[in-house]
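Contents: one structure, followed by commentary.
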Amino acid sequence: IKVFRRHKEGLKGRFKVIGQVGLGLIVGITLYASDDVVIREKVSVGSAGVITSMVDEGFREENTTRILAQDVKSTKTTIPFFKDNEFDYAWFTSFAGKYAEELGWVVFVLITILIVTAVSNGANLTDGLDGLATGVTTMVAVFFTAVSIGLVSGNMVYADYLNIMYIPHSGELVVFGAAFIGATIGFLWYNSFPAQVFMGDTGSLSLGGIIAVFAIVLHKELLIPILCGIFLME
């Protein structure tokens, strides 16, 4: 635009929103289509007789339910601050009977589009004061990386103990999260007064998009109003 039309207005707002909606659609469909995006649930696989005591009359058996872990595709998310806090987006489509689960994924994709667009725009609107958008993003990224990914949701023992959703392979996001945190801290160093580099729309839109996808992948998107309160108010 700058070269061929010789003005510096950049993309108009509507085109940015179209791009965000397109990105949200790609993210939602990818999470739906990928076999690696699962959660691990405990499921009952039937009953088995086990010896519970030995008495003069012989052995006594009682039936106990066998519980195994199973990786499943799911539209569930986490409701913060509640016990047994999983909410399934398929609840909105329960009226559809046997098609409820498939339609639940449609709802999930639409919500993904909304979250990516909203958080990305929120970060973009927050940017302006030196370091503000980046400082907020860094703290949110630290939370998702160190707590939700590496220490809790990505650890089977801790997730089971705390009765929260265990997400297989989520620990791999720690690598990206750590690089992301390092990049934002590096930016803050050179953005401090007198600023040598500036964020611009390219950076702030990306920061919001990354945070949104982090939250969705970890099924923690309902924490966004708390963690990204400044973005929300903006």
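Residues are named by chain letter and number: chains run A, B, ... in the order of the structure tokens, numbers start at 1 in each chain, and ligands are numbered from 1 in the order shown.
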For Val142 (chain A), list every protein, DNA or RNA residue within 12 Å, evaluated using only C-alpha atoms, and leave out those in the same chain fewer than 2 positions away; present the list as number ranges by chain. A: 135-140, 144-151, 173-174, 176-182, 184-185, 211, 214, 227
Output as a ChimeraX atom specification all residues of region 6-233 of chain A that backbone DSSP marks as strand (DSSP E). /A:39-55,58-72,76-78,86-88
Output N, CA, C and O atoms for every residue in the selection just made, as a short mmCIF file (atom, residue, chain, number, x, y, z; two decimals), in the first residue's frame.
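Result file follows (out29.cif):
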```cif
data_model
loop_
_atom_site.label_atom_id
_atom_site.label_comp_id
_atom_site.auth_asym_id
_atom_site.auth_seq_id
_atom_site.Cartn_x
_atom_site.Cartn_y
_atom_site.Cartn_z
N ILE A 39 -8.12 -34.19 24.99
CA ILE A 39 -8.00 -34.16 26.45
C ILE A 39 -8.06 -35.60 26.94
O ILE A 39 -8.52 -36.49 26.22
N ARG A 40 -7.58 -35.83 28.14
CA ARG A 40 -7.58 -37.19 28.68
C ARG A 40 -8.63 -37.29 29.78
O ARG A 40 -8.59 -36.55 30.75
N GLU A 41 -9.56 -38.19 29.59
CA GLU A 41 -10.65 -38.36 30.54
C GLU A 41 -10.60 -39.75 31.15
O GLU A 41 -10.11 -40.71 30.54
N LYS A 42 -11.13 -39.86 32.37
CA LYS A 42 -11.27 -41.16 33.01
C LYS A 42 -12.61 -41.76 32.60
O LYS A 42 -13.65 -41.12 32.72
N VAL A 43 -12.58 -42.98 32.08
CA VAL A 43 -13.80 -43.62 31.63
C VAL A 43 -13.93 -45.00 32.26
O VAL A 43 -12.95 -45.68 32.56
N SER A 44 -15.19 -45.40 32.50
CA SER A 44 -15.47 -46.72 33.04
C SER A 44 -15.43 -47.74 31.91
O SER A 44 -16.03 -47.54 30.86
N VAL A 45 -14.71 -48.84 32.13
CA VAL A 45 -14.61 -49.86 31.09
C VAL A 45 -15.21 -51.19 31.54
O VAL A 45 -14.86 -52.25 31.06
N GLY A 46 -16.11 -51.15 32.51
CA GLY A 46 -16.78 -52.37 32.95
C GLY A 46 -16.33 -52.78 34.33
O GLY A 46 -15.59 -52.08 35.01
N SER A 47 -16.80 -53.95 34.77
CA SER A 47 -16.52 -54.42 36.13
C SER A 47 -15.65 -55.66 36.08
O SER A 47 -15.68 -56.44 35.13
N ALA A 48 -14.87 -55.84 37.13
CA ALA A 48 -14.01 -57.02 37.24
C ALA A 48 -14.06 -57.51 38.67
O ALA A 48 -14.05 -56.72 39.61
N GLY A 49 -14.11 -58.83 38.84
CA GLY A 49 -14.11 -59.40 40.18
C GLY A 49 -12.73 -59.36 40.79
O GLY A 49 -11.74 -59.73 40.17
N VAL A 50 -12.63 -58.91 42.01
CA VAL A 50 -11.35 -58.89 42.72
C VAL A 50 -11.54 -59.55 44.07
O VAL A 50 -12.60 -59.48 44.69
N ILE A 51 -10.49 -60.22 44.55
CA ILE A 51 -10.54 -60.87 45.85
C ILE A 51 -10.42 -59.81 46.94
O ILE A 51 -9.47 -59.05 46.97
N THR A 52 -11.38 -59.77 47.82
CA THR A 52 -11.36 -58.77 48.87
C THR A 52 -11.03 -59.37 50.23
O THR A 52 -10.60 -58.65 51.12
N SER A 53 -11.25 -60.66 50.42
CA SER A 53 -10.92 -61.27 51.72
C SER A 53 -10.83 -62.79 51.57
O SER A 53 -11.36 -63.36 50.63
N MET A 54 -10.15 -63.39 52.51
CA MET A 54 -10.05 -64.85 52.55
C MET A 54 -10.60 -65.31 53.90
O MET A 54 -10.13 -64.91 54.95
N VAL A 55 -11.64 -66.12 53.85
CA VAL A 55 -12.27 -66.62 55.08
C VAL A 55 -12.37 -68.14 54.99
O VAL A 55 -12.03 -68.74 53.96
N GLY A 58 -13.99 -69.80 52.05
CA GLY A 58 -13.35 -69.69 50.74
C GLY A 58 -13.11 -68.23 50.38
O GLY A 58 -12.96 -67.37 51.26
N PHE A 59 -13.06 -67.96 49.10
CA PHE A 59 -12.81 -66.60 48.63
C PHE A 59 -14.12 -65.86 48.40
O PHE A 59 -15.10 -66.44 47.93
N ARG A 60 -14.12 -64.60 48.72
CA ARG A 60 -15.29 -63.77 48.44
C ARG A 60 -14.89 -62.71 47.41
O ARG A 60 -13.86 -62.05 47.56
N GLU A 61 -15.70 -62.57 46.40
CA GLU A 61 -15.39 -61.60 45.36
C GLU A 61 -16.43 -60.48 45.35
O GLU A 61 -17.60 -60.69 45.66
N GLU A 62 -15.97 -59.30 45.05
CA GLU A 62 -16.86 -58.17 44.88
C GLU A 62 -16.54 -57.52 43.53
O GLU A 62 -15.39 -57.52 43.08
N ASN A 63 -17.55 -56.99 42.92
CA ASN A 63 -17.36 -56.31 41.64
C ASN A 63 -16.91 -54.89 41.87
O ASN A 63 -17.51 -54.14 42.65
N THR A 64 -15.88 -54.50 41.19
CA THR A 64 -15.40 -53.11 41.24
C THR A 64 -15.32 -52.58 39.82
O THR A 64 -15.06 -53.32 38.87
N THR A 65 -15.53 -51.32 39.67
CA THR A 65 -15.49 -50.70 38.35
C THR A 65 -14.05 -50.36 37.98
O THR A 65 -13.34 -49.75 38.77
N ARG A 66 -13.65 -50.78 36.79
CA ARG A 66 -12.32 -50.46 36.32
C ARG A 66 -12.35 -49.11 35.62
O ARG A 66 -13.19 -48.83 34.78
N ILE A 67 -11.41 -48.26 35.99
CA ILE A 67 -11.33 -46.92 35.42
C ILE A 67 -10.02 -46.80 34.63
O ILE A 67 -8.95 -47.07 35.17
N LEU A 68 -10.13 -46.42 33.39
CA LEU A 68 -8.95 -46.20 32.57
C LEU A 68 -9.00 -44.79 31.98
O LEU A 68 -10.05 -44.17 31.91
N ALA A 69 -7.81 -44.31 31.59
CA ALA A 69 -7.73 -43.00 30.95
C ALA A 69 -7.84 -43.17 29.44
O ALA A 69 -7.32 -44.12 28.86
N GLN A 70 -8.53 -42.24 28.81
CA GLN A 70 -8.73 -42.30 27.37
C GLN A 70 -8.61 -40.90 26.78
O GLN A 70 -9.18 -39.95 27.29
N ASP A 71 -7.84 -40.79 25.69
CA ASP A 71 -7.72 -39.52 25.00
C ASP A 71 -8.90 -39.34 24.05
O ASP A 71 -9.17 -40.21 23.23
N VAL A 72 -9.58 -38.21 24.17
CA VAL A 72 -10.78 -37.98 23.37
C VAL A 72 -10.77 -36.56 22.80
O VAL A 72 -10.22 -35.63 23.39
N LYS A 76 -15.00 -29.41 25.41
CA LYS A 76 -15.11 -28.94 26.78
C LYS A 76 -14.11 -27.82 27.06
O LYS A 76 -13.05 -27.76 26.45
N THR A 77 -14.47 -26.98 28.00
CA THR A 77 -13.56 -25.94 28.47
C THR A 77 -13.63 -25.89 29.99
O THR A 77 -14.43 -26.60 30.61
N THR A 78 -12.80 -25.05 30.58
CA THR A 78 -12.69 -24.98 32.03
C THR A 78 -13.37 -23.72 32.55
O THR A 78 -13.11 -22.62 32.07
N GLU A 86 -15.93 -28.34 34.34
CA GLU A 86 -15.86 -28.47 32.89
C GLU A 86 -17.21 -28.14 32.26
O GLU A 86 -18.25 -28.60 32.73
N PHE A 87 -17.15 -27.33 31.22
CA PHE A 87 -18.35 -26.97 30.48
C PHE A 87 -18.18 -27.38 29.02
O PHE A 87 -17.13 -27.12 28.42
N ASP A 88 -19.19 -28.01 28.46
CA ASP A 88 -19.13 -28.51 27.10
C ASP A 88 -19.94 -27.59 26.18
O ASP A 88 -21.13 -27.36 26.42
#
```
Point-to-point distance in Å for CA of Gly24 (chain A) and CA of Leu114 (chain A):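 CA of Leu114 (chain A) sits 7.5 Å away from CA of Gly24 (chain A).
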Gap from CA of Thr202 (chain A) to CA of Gly128 (chain A) - Å, one decimal: 12.9 Å
Can you pull out the residues contacting region 216-218 of chain A? Cut-off 12 Å, using only C-alpha atoms, and skip same-chain residues under 5 positions away; I want them as JSON, numbers by chain. {"A": [24, 27, 28, 30, 31, 32, 34, 36, 37, 38, 39, 74, 75, 76, 77, 78, 108, 109, 111, 112, 113, 114, 115, 116, 119, 143, 144, 145, 147, 148, 149, 150, 152, 153, 154, 164, 165, 166, 167, 168, 169, 170, 171, 172, 173, 174, 209, 210, 211, 223, 224]}
Using only C-alpha atoms, pick whichever of A:Leu162, A:Leu188, A:Leu132, A:Ala118 has the shortest atom-to-atom distance to Leu232 (chain A).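 Among the listed residues, the smallest separation from Leu232 (chain A) belongs to A:Ala118.
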